[in-house]
>>> print(open('work.csv').read())   # CSV, C-alpha atoms
chain,number,residue,atom,x,y,z
A,1,MET,CA,161.8,160.6,107.0
A,2,GLY,CA,160.9,158.7,110.2
A,3,THR,CA,161.2,159.7,113.8
A,4,GLU,CA,163.7,162.5,114.3
A,5,GLY,CA,165.1,161.8,110.8
A,6,ARG,CA,166.0,158.2,111.5
A,7,SER,CA,165.2,155.5,109.0
A,8,ALA,CA,165.6,151.7,108.4
A,9,TYR,CA,166.1,150.4,104.9
A,10,LEU,CA,164.6,146.9,104.9
A,11,ASP,CA,164.1,146.5,101.1
A,12,ASN,CA,167.4,145.0,100.0
A,13,ALA,CA,165.6,142.2,98.2
A,14,SER,CA,164.3,144.8,95.8
A,15,THR,CA,167.6,146.6,95.5
A,16,SER,CA,170.5,146.8,97.9
A,17,TRP,CA,171.3,150.0,99.7
A,18,PRO,CA,173.8,151.3,100.5
A,19,LYS,CA,176.0,149.9,97.8
A,20,ALA,CA,179.4,148.4,98.5
A,21,PRO,CA,182.1,150.9,99.4
A,22,GLY,CA,183.8,152.1,96.2
A,23,VAL,CA,180.9,151.5,93.9
A,24,VAL,CA,179.8,155.1,93.5
A,25,GLU,CA,183.3,156.2,92.9
A,26,ALA,CA,183.9,153.5,90.3
A,27,VAL,CA,180.7,154.4,88.4
A,28,SER,CA,181.7,158.1,88.5
A,29,SER,CA,185.2,157.4,87.3
A,30,SER,CA,183.9,155.4,84.4
A,31,LEU,CA,181.7,158.2,83.3
A,32,ARG,CA,184.6,160.7,83.6
A,33,ASP,CA,187.0,158.5,81.6
A,34,GLY,CA,184.8,157.8,78.6
A,35,GLY,CA,185.5,155.1,76.0
A,36,SER,CA,183.4,152.2,74.8
A,37,PRO,CA,184.7,148.6,75.0
A,38,GLY,CA,185.4,146.9,71.7
A,39,ARG,CA,185.0,150.1,69.8
A,40,GLY,CA,188.5,151.5,69.2
A,41,ILE,CA,192.2,151.3,69.8
A,42,HIS,CA,192.5,154.7,71.5
A,43,ALA,CA,193.5,154.9,75.1
A,44,SER,CA,190.0,155.3,76.6
A,45,ALA,CA,188.5,152.5,74.6
A,46,LEU,CA,191.4,150.1,75.6
A,47,SER,CA,190.9,151.2,79.2
A,48,ALA,CA,187.2,150.2,78.9
A,49,ASP,CA,188.2,146.9,77.4
A,50,ARG,CA,190.5,146.2,80.3
A,51,LEU,CA,187.8,147.1,82.8
A,52,VAL,CA,185.3,144.7,81.3
A,53,TYR,CA,187.9,141.9,81.1
A,54,SER,CA,188.8,142.4,84.7
A,55,ALA,CA,185.1,142.4,85.8
A,56,ARG,CA,184.5,139.2,83.9
A,57,LYS,CA,187.6,137.6,85.4
A,58,GLU,CA,186.9,138.6,89.0
A,59,ILE,CA,183.2,137.7,88.9
A,60,ALA,CA,184.2,134.2,87.6
A,61,ALA,CA,186.7,134.0,90.5
A,62,LEU,CA,184.2,135.0,93.1
A,63,PHE,CA,181.8,132.2,92.0
A,64,ARG,CA,184.7,129.7,91.3
A,65,PHE,CA,183.8,129.5,87.6
A,66,ALA,CA,186.5,128.3,85.3
A,67,ASP,CA,185.9,130.2,82.0
A,68,PRO,CA,185.5,134.0,82.1
A,69,ALA,CA,184.6,134.0,78.4
A,70,ARG,CA,181.4,132.2,79.4
A,71,VAL,CA,180.5,135.0,81.8
A,72,ILE,CA,177.9,137.0,79.9
A,73,PHE,CA,176.8,140.5,80.8
A,74,THR,CA,173.1,141.3,80.4
A,75,SER,CA,170.9,144.2,81.6
A,76,GLY,CA,169.8,142.1,84.6
A,77,ALA,CA,168.5,138.7,85.7
A,78,THR,CA,165.3,139.2,83.8
A,79,GLU,CA,167.1,139.5,80.5
A,80,SER,CA,169.3,136.5,81.4
A,81,LEU,CA,166.2,134.4,82.1
A,82,ASN,CA,164.5,135.5,78.9
A,83,LEU,CA,167.7,134.5,77.0
A,84,VAL,CA,167.6,131.1,78.7
A,85,ILE,CA,163.9,130.5,78.0
A,86,ARG,CA,163.6,131.9,74.5
A,87,GLY,CA,167.0,130.8,73.4
A,88,SER,CA,166.6,127.2,74.6
A,89,LEU,CA,163.0,126.1,74.0
A,90,ALA,CA,161.4,125.3,70.7
A,91,ALA,CA,157.8,124.5,69.7
A,92,SER,CA,156.0,121.8,71.8
A,93,GLN,CA,159.0,121.2,74.0
A,94,GLY,CA,158.6,121.0,77.8
A,95,ALA,CA,159.8,123.1,80.8
A,96,LEU,CA,159.7,122.3,84.5
A,97,VAL,CA,159.6,125.0,87.2
A,98,SER,CA,158.8,125.2,90.9
A,99,CYS,CA,155.7,126.7,92.3
A,100,MET,CA,157.7,129.6,93.8
A,101,GLU,CA,158.9,131.3,90.6
A,102,HIS,CA,159.2,135.0,89.9
A,103,ASN,CA,157.4,136.5,86.9
A,104,ALA,CA,160.8,136.9,85.3
A,105,VAL,CA,160.5,133.2,84.8
A,106,MET,CA,156.8,132.7,84.5
A,107,ARG,CA,155.9,135.5,82.1
A,108,PRO,CA,158.3,134.5,79.3
A,109,LEU,CA,157.3,130.8,79.8
A,110,ARG,CA,153.6,131.7,79.6
A,111,ALA,CA,154.3,133.6,76.4
A,112,MET,CA,156.1,130.6,75.0
A,113,GLN,CA,153.2,128.5,76.0
A,114,ARG,CA,150.8,130.7,74.0
A,115,GLU,CA,153.1,131.2,71.0
A,116,LEU,CA,154.7,127.8,70.6
A,117,ALA,CA,152.6,125.4,72.7
A,118,VAL,CA,155.5,124.9,75.1
A,119,ASP,CA,154.4,122.6,78.0
A,120,VAL,CA,155.0,124.1,81.4
A,121,ALA,CA,155.0,121.7,84.3
A,122,THR,CA,155.4,122.5,88.0
A,123,PHE,CA,156.8,120.7,91.0
A,124,VAL,CA,155.5,121.2,94.5
A,125,CYS,CA,156.9,123.3,97.4
A,126,ASP,CA,155.7,123.4,101.1
A,127,ARG,CA,154.0,126.3,102.8
A,128,SER,CA,157.4,127.8,103.7
A,129,GLY,CA,158.5,127.8,100.1
A,130,ARG,CA,160.9,124.9,100.3
A,131,PRO,CA,160.8,122.4,97.4
A,132,ASP,CA,159.4,118.9,97.9
A,133,LEU,CA,162.3,116.9,96.5
A,134,ARG,CA,160.1,113.8,95.9
A,135,SER,CA,157.7,115.8,93.8
A,136,PHE,CA,160.8,117.3,92.0
A,137,ALA,CA,162.3,113.9,91.2
A,138,GLU,CA,159.0,112.5,90.0
A,139,ALA,CA,158.5,115.5,87.7
A,140,LEU,CA,162.0,115.0,86.3
A,141,GLY,CA,160.7,111.6,85.1
A,142,ARG,CA,158.9,113.5,82.4
A,143,LYS,CA,162.3,114.4,80.9
A,144,PRO,CA,161.7,118.1,80.4
A,145,ASP,CA,163.8,119.9,77.9
A,146,LEU,CA,164.5,122.7,80.3
A,147,LEU,CA,164.5,122.7,84.1
A,148,LEU,CA,164.4,126.3,85.6
A,149,PHE,CA,164.0,127.1,89.2
A,150,THR,CA,164.9,129.7,91.8
A,151,ALA,CA,167.8,129.3,94.2
A,152,ALA,CA,165.9,131.1,96.9
A,153,SER,CA,162.4,132.5,97.1
A,154,ASN,CA,162.1,136.2,96.8
A,155,VAL,CA,159.0,136.1,99.1
A,156,SER,CA,159.7,133.7,101.9
A,157,GLY,CA,163.5,133.6,101.6
A,158,ALA,CA,163.4,129.8,101.5
A,159,LEU,CA,166.7,128.4,100.1
A,160,PHE,CA,166.5,125.6,97.5
A,161,PRO,CA,169.2,122.9,97.7
A,162,PHE,CA,170.1,123.9,94.1
A,163,GLU,CA,173.4,122.0,94.0
A,164,GLU,CA,171.7,118.8,95.0
A,165,MET,CA,168.8,119.4,92.6
A,166,ALA,CA,171.1,120.0,89.7
A,167,ARG,CA,172.9,116.7,90.5
A,168,THR,CA,169.6,114.9,90.7
A,169,ALA,CA,168.6,116.3,87.3
A,170,ALA,CA,171.9,115.2,85.7
A,171,SER,CA,171.3,111.7,87.1
A,172,VAL,CA,167.5,111.3,86.4
A,173,SER,CA,167.3,113.3,83.1
A,174,PRO,CA,170.7,113.9,81.7
A,175,GLY,CA,169.3,115.5,78.5
A,176,THR,CA,167.5,118.2,80.4
A,177,LEU,CA,169.1,121.7,80.4
A,178,VAL,CA,169.4,123.0,83.9
A,179,GLY,CA,168.9,126.7,84.7
A,180,ILE,CA,169.0,128.4,88.1
A,181,ASP,CA,167.6,131.9,88.9
A,182,ALA,CA,170.0,133.2,91.6
A,183,ALA,CA,168.8,136.8,91.5
A,184,GLN,CA,168.2,136.7,95.3
A,185,ALA,CA,170.8,134.1,96.4
A,186,ALA,CA,173.9,135.5,94.6
A,187,GLY,CA,176.1,137.4,97.1
A,188,GLU,CA,173.9,136.2,100.0
A,189,ARG,CA,175.6,132.8,100.3
A,190,PRO,CA,178.9,131.5,99.1
A,191,ILE,CA,178.4,129.8,95.8
A,192,ASP,CA,180.9,127.4,94.1
A,193,LEU,CA,179.9,126.9,90.5
A,194,SER,CA,182.6,124.3,90.1
A,195,SER,CA,180.9,121.9,92.5
A,196,PHE,CA,177.7,120.9,90.6
A,197,PRO,CA,176.5,120.6,87.0
A,198,PHE,CA,174.4,123.3,85.4
A,199,ASP,CA,173.8,125.0,82.1
A,200,PHE,CA,172.6,128.4,83.1
A,201,PHE,CA,173.2,130.4,86.3
A,202,CYS,CA,171.5,133.8,86.4
A,203,VAL,CA,172.7,136.6,88.7
A,204,SER,CA,171.4,140.0,89.5
A,205,ALA,CA,174.1,142.6,90.3
A,206,HIS,CA,172.0,145.2,92.2
A,207,LYS,CA,170.8,142.9,95.0
A,208,GLY,CA,173.1,140.6,97.0
A,209,LEU,CA,176.2,141.8,95.0
A,210,LEU,CA,175.6,145.4,96.3
A,211,ALA,CA,176.3,146.8,92.8
A,212,PRO,CA,174.3,149.2,90.5
A,213,PRO,CA,171.1,148.3,88.7
A,214,GLY,CA,171.1,147.6,85.0
A,215,VAL,CA,173.7,144.8,85.0
A,216,GLY,CA,173.1,141.0,85.1
A,217,VAL,CA,175.5,138.1,84.8
A,218,LEU,CA,174.7,134.9,83.0
A,219,PHE,CA,177.1,132.0,83.6
A,220,LEU,CA,176.9,129.5,80.7
A,221,GLY,CA,177.8,125.9,81.4
A,222,PRO,CA,179.9,123.9,78.9
A,223,ARG,CA,177.0,122.6,76.8
A,224,ALA,CA,174.9,125.8,76.9
A,225,SER,CA,174.4,127.4,73.6
A,226,PRO,CA,171.1,129.3,73.5
A,227,ARG,CA,170.0,131.3,70.5
A,228,PRO,CA,170.8,135.0,71.1
A,229,LEU,CA,168.0,137.1,72.3
A,230,VAL,CA,169.4,140.3,70.7
A,231,TYR,CA,171.4,140.6,67.5
A,232,GLY,CA,173.6,143.6,66.5
A,233,GLY,CA,176.9,145.3,66.7
A,234,THR,CA,179.5,143.7,69.0
A,235,GLY,CA,182.6,145.6,68.0
A,236,SER,CA,184.0,142.4,66.6
A,237,ASP,CA,183.7,140.9,63.1
A,238,SER,CA,182.4,144.2,62.0
A,239,ASP,CA,182.9,143.4,58.3
A,240,SER,CA,180.2,140.7,58.6
A,241,GLU,CA,176.4,141.0,58.9
A,242,GLU,CA,176.2,137.7,60.7
A,243,GLN,CA,176.2,137.4,64.5
A,244,PRO,CA,179.6,136.2,65.9
A,245,LEU,CA,179.6,132.6,67.1
A,246,PHE,CA,182.3,133.1,69.6
A,247,LEU,CA,181.9,134.0,73.3
A,248,PRO,CA,181.1,136.3,74.9
A,249,ASP,CA,180.4,138.5,71.8
A,250,ARG,CA,177.6,136.2,70.6
A,251,TYR,CA,175.4,137.4,73.5
A,252,GLU,CA,176.6,140.9,74.0
A,253,SER,CA,175.2,143.0,71.2
A,254,GLY,CA,175.1,146.8,71.5
A,255,THR,CA,177.0,149.1,73.8
A,256,ARG,CA,177.5,147.5,77.2
A,257,ASN,CA,176.6,149.3,80.5
A,258,LEU,CA,180.2,150.3,81.2
A,259,PRO,CA,179.5,152.4,84.3
A,260,GLY,CA,177.4,149.6,85.7
A,261,ILE,CA,180.1,147.0,85.0
A,262,ALA,CA,182.6,149.3,86.7
A,263,GLY,CA,180.4,149.3,89.8
A,264,VAL,CA,180.0,145.5,89.7
A,265,LEU,CA,183.8,145.2,89.6
A,266,ALA,CA,184.2,147.5,92.6
A,267,ALA,CA,181.5,145.6,94.5
A,268,VAL,CA,182.9,142.2,93.7
A,269,ARG,CA,186.4,143.3,94.9
A,270,TRP,CA,185.0,144.5,98.1
A,271,ILE,CA,182.9,141.4,98.7
A,272,ALA,CA,185.9,139.2,98.0
A,273,ALA,CA,188.0,141.1,100.5
A,274,GLU,CA,185.2,141.0,103.2
A,275,GLY,CA,184.2,137.4,102.5
A,276,VAL,CA,180.8,136.3,101.3
A,277,GLY,CA,180.5,134.1,104.4
A,278,ASP,CA,181.1,137.0,106.8
A,279,LEU,CA,178.6,139.2,105.0
A,280,ALA,CA,176.1,136.4,105.1
A,281,ARG,CA,176.5,136.2,108.9
A,282,ARG,CA,175.9,139.9,109.2
A,283,ARG,CA,172.7,139.7,107.1
A,284,ALA,CA,171.5,136.6,109.0
A,285,GLY,CA,172.1,138.3,112.4
A,286,ALA,CA,170.0,141.3,111.4
A,287,ALA,CA,167.2,139.1,109.8
A,288,ASP,CA,167.1,136.8,112.9
A,289,ALA,CA,166.8,139.7,115.3
A,290,LEU,CA,164.0,141.3,113.2
A,291,ARG,CA,162.2,137.9,112.7
A,292,ASP,CA,162.4,137.1,116.4
A,293,GLY,CA,161.0,140.4,117.4
A,294,LEU,CA,158.1,140.1,115.1
A,295,SER,CA,157.4,136.5,115.9
A,296,GLY,CA,156.6,137.5,119.5
A,297,MET,CA,154.4,140.4,118.5
A,298,GLY,CA,150.6,139.9,118.7
A,299,GLY,CA,148.8,139.8,115.3
A,300,VAL,CA,151.9,139.3,113.2
A,301,VAL,CA,152.3,136.0,111.1
A,302,VAL,CA,155.8,135.4,109.9
A,303,HIS,CA,156.2,133.4,106.6
A,304,GLY,CA,159.3,131.4,105.6
A,305,PRO,CA,161.5,128.8,107.1
A,306,ALA,CA,162.2,129.2,110.8
A,307,ARG,CA,165.8,127.9,110.7
A,308,THR,CA,168.4,130.4,109.7
A,309,GLU,CA,170.3,127.9,107.5
A,310,GLU,CA,167.2,127.3,105.4
A,311,ARG,CA,166.6,130.9,104.3
A,312,LEU,CA,168.1,134.1,103.1
A,313,SER,CA,168.0,137.3,105.1
A,314,LEU,CA,164.5,138.0,103.9
A,315,PHE,CA,161.0,137.0,105.0
A,316,SER,CA,157.4,138.0,104.8
A,317,VAL,CA,154.7,138.9,107.2
A,318,THR,CA,150.9,139.1,107.2
A,319,LEU,CA,148.5,140.2,109.9
A,320,GLU,CA,145.8,138.4,111.9
A,321,GLY,CA,144.2,141.6,113.3
A,322,SER,CA,142.0,144.3,111.8
A,323,VAL,CA,144.8,146.5,110.5
A,324,PRO,CA,144.8,146.2,106.7
A,325,LEU,CA,148.2,145.3,105.1
A,326,ASP,CA,148.4,148.6,103.1
A,327,GLU,CA,147.7,150.6,106.2
A,328,LEU,CA,150.6,148.9,108.0
A,329,ALA,CA,152.9,149.6,105.0
A,330,ARG,CA,151.9,153.3,105.0
A,331,GLY,CA,152.4,153.4,108.8
A,332,LEU,CA,155.9,151.9,108.5
A,333,ASP,CA,156.8,154.3,105.7
A,334,GLU,CA,155.7,157.3,107.8
A,335,ARG,CA,158.0,156.0,110.6
A,336,GLY,CA,161.0,155.7,108.3
A,337,VAL,CA,160.8,151.9,107.6
A,338,ALA,CA,161.3,151.0,103.9
A,339,CYS,CA,159.8,147.6,102.9
A,340,ARG,CA,157.9,145.9,100.1
A,341,MET,CA,154.2,145.3,100.2
A,342,GLY,CA,152.1,143.2,97.8
A,343,PHE,CA,152.8,140.2,95.6
A,344,GLN,CA,156.5,140.9,94.9
A,345,CYS,CA,156.1,139.8,91.2
A,346,ALA,CA,155.6,136.2,92.3
A,347,PRO,CA,151.9,135.3,92.3
A,348,ALA,CA,152.6,131.6,92.3
A,349,ALA,CA,154.7,131.9,95.4
A,350,HIS,CA,151.8,133.5,97.3
A,351,ARG,CA,149.4,130.8,96.2
A,352,THR,CA,151.8,128.3,97.6
A,353,LEU,CA,152.4,130.2,100.9
A,354,GLY,CA,148.7,130.8,101.4
A,355,THR,CA,149.1,134.6,101.3
A,356,TRP,CA,147.2,135.3,98.0
A,357,GLU,CA,143.9,136.1,99.7
A,358,SER,CA,145.5,138.6,102.1
A,359,GLY,CA,146.7,140.7,99.1
A,360,GLY,CA,150.3,139.4,99.4
A,361,THR,CA,152.7,140.2,102.2
A,362,ILE,CA,155.0,142.8,103.6
A,363,ARG,CA,158.5,141.6,102.8
A,364,LEU,CA,161.4,142.7,105.0
A,365,SER,CA,165.0,142.3,103.9
A,366,PRO,CA,167.9,143.6,105.9
A,367,GLY,CA,171.3,143.9,104.3
A,368,PRO,CA,174.9,143.6,105.5
A,369,PHE,CA,174.9,147.2,106.7
A,370,THR,CA,171.7,147.0,108.7
A,371,THR,CA,172.3,148.1,112.3
A,372,ARG,CA,170.7,147.0,115.5
A,373,GLU,CA,169.3,150.5,115.9
A,374,GLU,CA,167.5,150.1,112.5
A,375,ILE,CA,166.0,146.8,113.7
A,376,ASP,CA,164.8,148.4,116.9
A,377,LEU,CA,163.3,151.3,114.9
A,378,ALA,CA,161.4,148.8,112.7
A,379,LEU,CA,160.1,146.8,115.6
A,380,ALA,CA,159.0,150.0,117.4
A,381,ALA,CA,157.2,151.1,114.2
A,382,PHE,CA,155.3,147.8,114.0
A,383,ARG,CA,154.2,148.1,117.6
A,384,GLU,CA,153.0,151.7,117.1
A,385,VAL,CA,151.0,150.9,114.0
A,386,LEU,CA,149.5,147.6,115.3
A,387,HIS,CA,149.0,148.5,119.0
A,388,PRO,CA,148.6,152.3,119.1
>>> encode(input="work.csv", output="structure tokens")
Amino acid sequence: MGTEGRSAYLDNASTSWPKAPGVVEAVSSSLRDGGSPGRGIHASALSADRLVYSARKEIAALFRFADPARVIFTSGATESLNLVIRGSLAASQGALVSCMEHNAVMRPLRAMQRELAVDVATFVCDRSGRPDLRSFAEALGRKPDLLLFTAASNVSGALFPFEEMARTAASVSPGTLVGIDAAQAAGERPIDLSSFPFDFFCVSAHKGLLAPPGVGVLFLGPRASPRPLVYGGTGSDSDSEEQPLFLPDRYESGTRNLPGIAGVLAAVRWIAAEGVGDLARRRAGAADALRDGLSGMGGVVVHGPARTEERLSLFSVTLEGSVPLDELARGLDERGVACRMGFQCAPAAHRTLGTWESGGTIRLSPGPFTTREEIDLALAAFREVLHP
């Protein structure tokens, strides 16, 4: 792929690659060892129990979260968000979201709107994707039952001041449950869950945490008690046909993705050793170099906050010239540059950014392992396609 076999993977916002050192080996080891957590007292089952316990404990430590029992494993951020939405809202209640939300938030909310007449209100963001905090505070005056918003846009990379927003919600509307979609932000910025009030914090393992797909983490705040999304066997209270009430079993029916959790544990250990802040600086350096190079390139429009501290290591571009967006995407792929073209599962975000009519954007998202050579390759590919 690409010139002389070279390539640049700039699609880490879809899924990170490569994964953290040790992840592949941890997944492989789990598959070799066998055993199912909570399903036996033989050696391999107990080993699986210990692995899951360690993962829960070390994930909690990375995010400075006090209670590992309230760290719930799901199949991904999408399942976590569905649990939050379907487990918290009842008929005719109200939800408040931003105008930058992913379809993992909007599709279940629209379904609840159709099925149970749930009211869905929206607060305003600017053309870079940053929230208008005045609009946010005014919307909170409606006292929604659930506030749910992204910690960072998956299209423009714009960071939300989610800690401040959670504190505002607790002050203005203390009865509102607060949920944060951190699918993009987790692992990209140091996060201290002990420093602000929240009820739900949803994390994807395969993006910023550099872990395998198929695992999500839902942190439940002290008052969070949603109805389970899935009922079934948990390996506990097996003599009862009623779902357990205790945590984490109440929300973890069925056989958990042990190889995936093993990979998350390996990734979290590596990230903790490297330091989230140091990894964030690596990502930011690569993103800034790519963004700066494209900003000075004729015909390229860069979307998202200009200041590094206001965004993640991802951003989007559109074109002013005659080259169609899909032609640019194909040209980049032919030259070994992996990126994401289209609406990125966030149509509301594109309406906000003004990129709907262009058919979306090309999103570029370096990772902590992206090299300067890869950035140079990507910039050269853009020049070749746009200015042959």
>>> atom_distance(input="work.csv", atom1="CA of Val385 (chain A)", atom2="CA of Ala286 (chain A)")
21.4 Å
>>> closest_atom_pairs(input="work.csv", of="region 258-293 of chain A", to="region 371-382 of chain A", cutoff="9 Å", atoms="all atoms listed in the file", output="tab-separated table")
residue	atom	partner	partner_atom	distance
A:Ala286	CA	A:Arg372	CA	7.1
A:Ala287	CA	A:Ile375	CA	8.7
A:Ala289	CA	A:Ile375	CA	7.3
A:Leu290	CA	A:Ile375	CA	5.9
A:Gly293	CA	A:Leu379	CA	6.7
>>> atom_distance(input="work.csv", atom1="CA of Ala211 (chain A)", atom2="CA of Asn154 (chain A)")
18.2 Å
>>> residues_around(input="work.csv", residues="Phe196 (chain A)", least_positions_apart="3", cutoff="10 Å", atoms="only C-alpha atoms", output="list in words")
Phe162, Glu163, Glu164, Met165, Ala166, Arg167, Ala170, Asp192 and Leu193 of chain A
>>> residues_around(input="work.csv", residues="region 332-344 of chain A", least_positions_apart="4", cutoff="8 Å", atoms="all atoms listed in the file", output="mmCIF file with C-alpha atoms, in the coordinates of the input")
data_model
loop_
_atom_site.group_PDB
_atom_site.id
_atom_site.type_symbol
_atom_site.label_atom_id
_atom_site.label_comp_id
_atom_site.auth_asym_id
_atom_site.auth_seq_id
_atom_site.Cartn_x
_atom_site.Cartn_y
_atom_site.Cartn_z
ATOM 1 C CA MET A 1 161.800 160.600 107.000
ATOM 2 C CA GLY A 2 160.900 158.700 110.200
ATOM 3 C CA THR A 3 161.200 159.700 113.800
ATOM 4 C CA GLY A 5 165.100 161.800 110.800
ATOM 5 C CA ARG A 6 166.000 158.200 111.500
ATOM 6 C CA SER A 7 165.200 155.500 109.000
ATOM 7 C CA ALA A 8 165.600 151.700 108.400
ATOM 8 C CA TYR A 9 166.100 150.400 104.900
ATOM 9 C CA LEU A 10 164.600 146.900 104.900
ATOM 10 C CA ASP A 11 164.100 146.500 101.100
ATOM 11 C CA SER A 14 164.300 144.800 95.800
ATOM 12 C CA ASN A 154 162.100 136.200 96.800
ATOM 13 C CA VAL A 155 159.000 136.100 99.100
ATOM 14 C CA LEU A 325 148.200 145.300 105.100
ATOM 15 C CA ASP A 326 148.400 148.600 103.100
ATOM 16 C CA LEU A 328 150.600 148.900 108.000
ATOM 17 C CA HIS A 350 151.800 133.500 97.300
ATOM 18 C CA TRP A 356 147.200 135.300 98.000
ATOM 19 C CA GLY A 359 146.700 140.700 99.100
ATOM 20 C CA GLY A 360 150.300 139.400 99.400
ATOM 21 C CA THR A 361 152.700 140.200 102.200
ATOM 22 C CA ILE A 362 155.000 142.800 103.600
ATOM 23 C CA ARG A 363 158.500 141.600 102.800
ATOM 24 C CA LEU A 364 161.400 142.700 105.000
ATOM 25 C CA SER A 365 165.000 142.300 103.900
ATOM 26 C CA LEU A 377 163.300 151.300 114.900
ATOM 27 C CA ALA A 378 161.400 148.800 112.700
ATOM 28 C CA ALA A 381 157.200 151.100 114.200
ATOM 29 C CA PHE A 382 155.300 147.800 114.000
ATOM 30 C CA VAL A 385 151.000 150.900 114.000
#
>>> decode(input="work.csv", residues="region 81-87 of chain A", atoms="all heavy atoms", output="short mmCIF file (atom, residue, chain, number, x, y, z; two decimals), in the first residue's frame")
data_model
loop_
_atom_site.label_atom_id
_atom_site.label_comp_id
_atom_site.auth_asym_id
_atom_site.auth_seq_id
_atom_site.Cartn_x
_atom_site.Cartn_y
_atom_site.Cartn_z
N LEU A 81 -24.06 3.59 26.20
CA LEU A 81 -24.97 4.72 26.01
C LEU A 81 -26.41 4.25 25.90
O LEU A 81 -27.33 4.92 26.40
CB LEU A 81 -24.56 5.50 24.76
CG LEU A 81 -23.24 6.29 24.93
CD1 LEU A 81 -22.66 6.66 23.57
CD2 LEU A 81 -23.47 7.52 25.78
N ASN A 82 -26.65 3.11 25.27
CA ASN A 82 -28.00 2.57 25.23
C ASN A 82 -28.49 2.20 26.62
O ASN A 82 -29.66 2.41 26.95
CB ASN A 82 -28.05 1.35 24.30
CG ASN A 82 -28.32 1.72 22.86
OD1 ASN A 82 -29.47 1.69 22.41
ND2 ASN A 82 -27.29 2.10 22.13
N LEU A 83 -27.61 1.64 27.44
CA LEU A 83 -27.98 1.33 28.82
C LEU A 83 -28.34 2.60 29.58
O LEU A 83 -29.33 2.64 30.32
CB LEU A 83 -26.82 0.60 29.50
CG LEU A 83 -26.94 0.34 31.01
CD1 LEU A 83 -28.23 -0.41 31.34
CD2 LEU A 83 -25.73 -0.42 31.52
N VAL A 84 -27.54 3.65 29.41
CA VAL A 84 -27.82 4.92 30.07
C VAL A 84 -29.18 5.47 29.64
O VAL A 84 -30.01 5.86 30.48
CB VAL A 84 -26.71 5.94 29.75
CG1 VAL A 84 -27.10 7.34 30.22
CG2 VAL A 84 -25.39 5.51 30.37
N ILE A 85 -29.43 5.49 28.34
CA ILE A 85 -30.65 6.11 27.80
C ILE A 85 -31.88 5.27 28.10
O ILE A 85 -32.87 5.74 28.68
CB ILE A 85 -30.49 6.36 26.29
CG1 ILE A 85 -29.41 7.44 26.06
CG2 ILE A 85 -31.81 6.77 25.65
CD1 ILE A 85 -28.93 7.51 24.63
N ARG A 86 -31.84 4.00 27.71
CA ARG A 86 -33.01 3.14 27.89
C ARG A 86 -33.22 2.76 29.36
O ARG A 86 -34.34 2.47 29.77
CB ARG A 86 -32.90 1.90 27.03
CG ARG A 86 -33.06 2.20 25.55
CD ARG A 86 -33.32 0.95 24.73
NE ARG A 86 -33.71 1.27 23.37
CZ ARG A 86 -34.96 1.50 22.96
NH1 ARG A 86 -35.95 1.48 23.83
NH2 ARG A 86 -35.22 1.77 21.70
N GLY A 87 -32.14 2.77 30.12
CA GLY A 87 -32.27 2.40 31.52
C GLY A 87 -32.63 3.54 32.44
O GLY A 87 -32.98 3.31 33.61
#
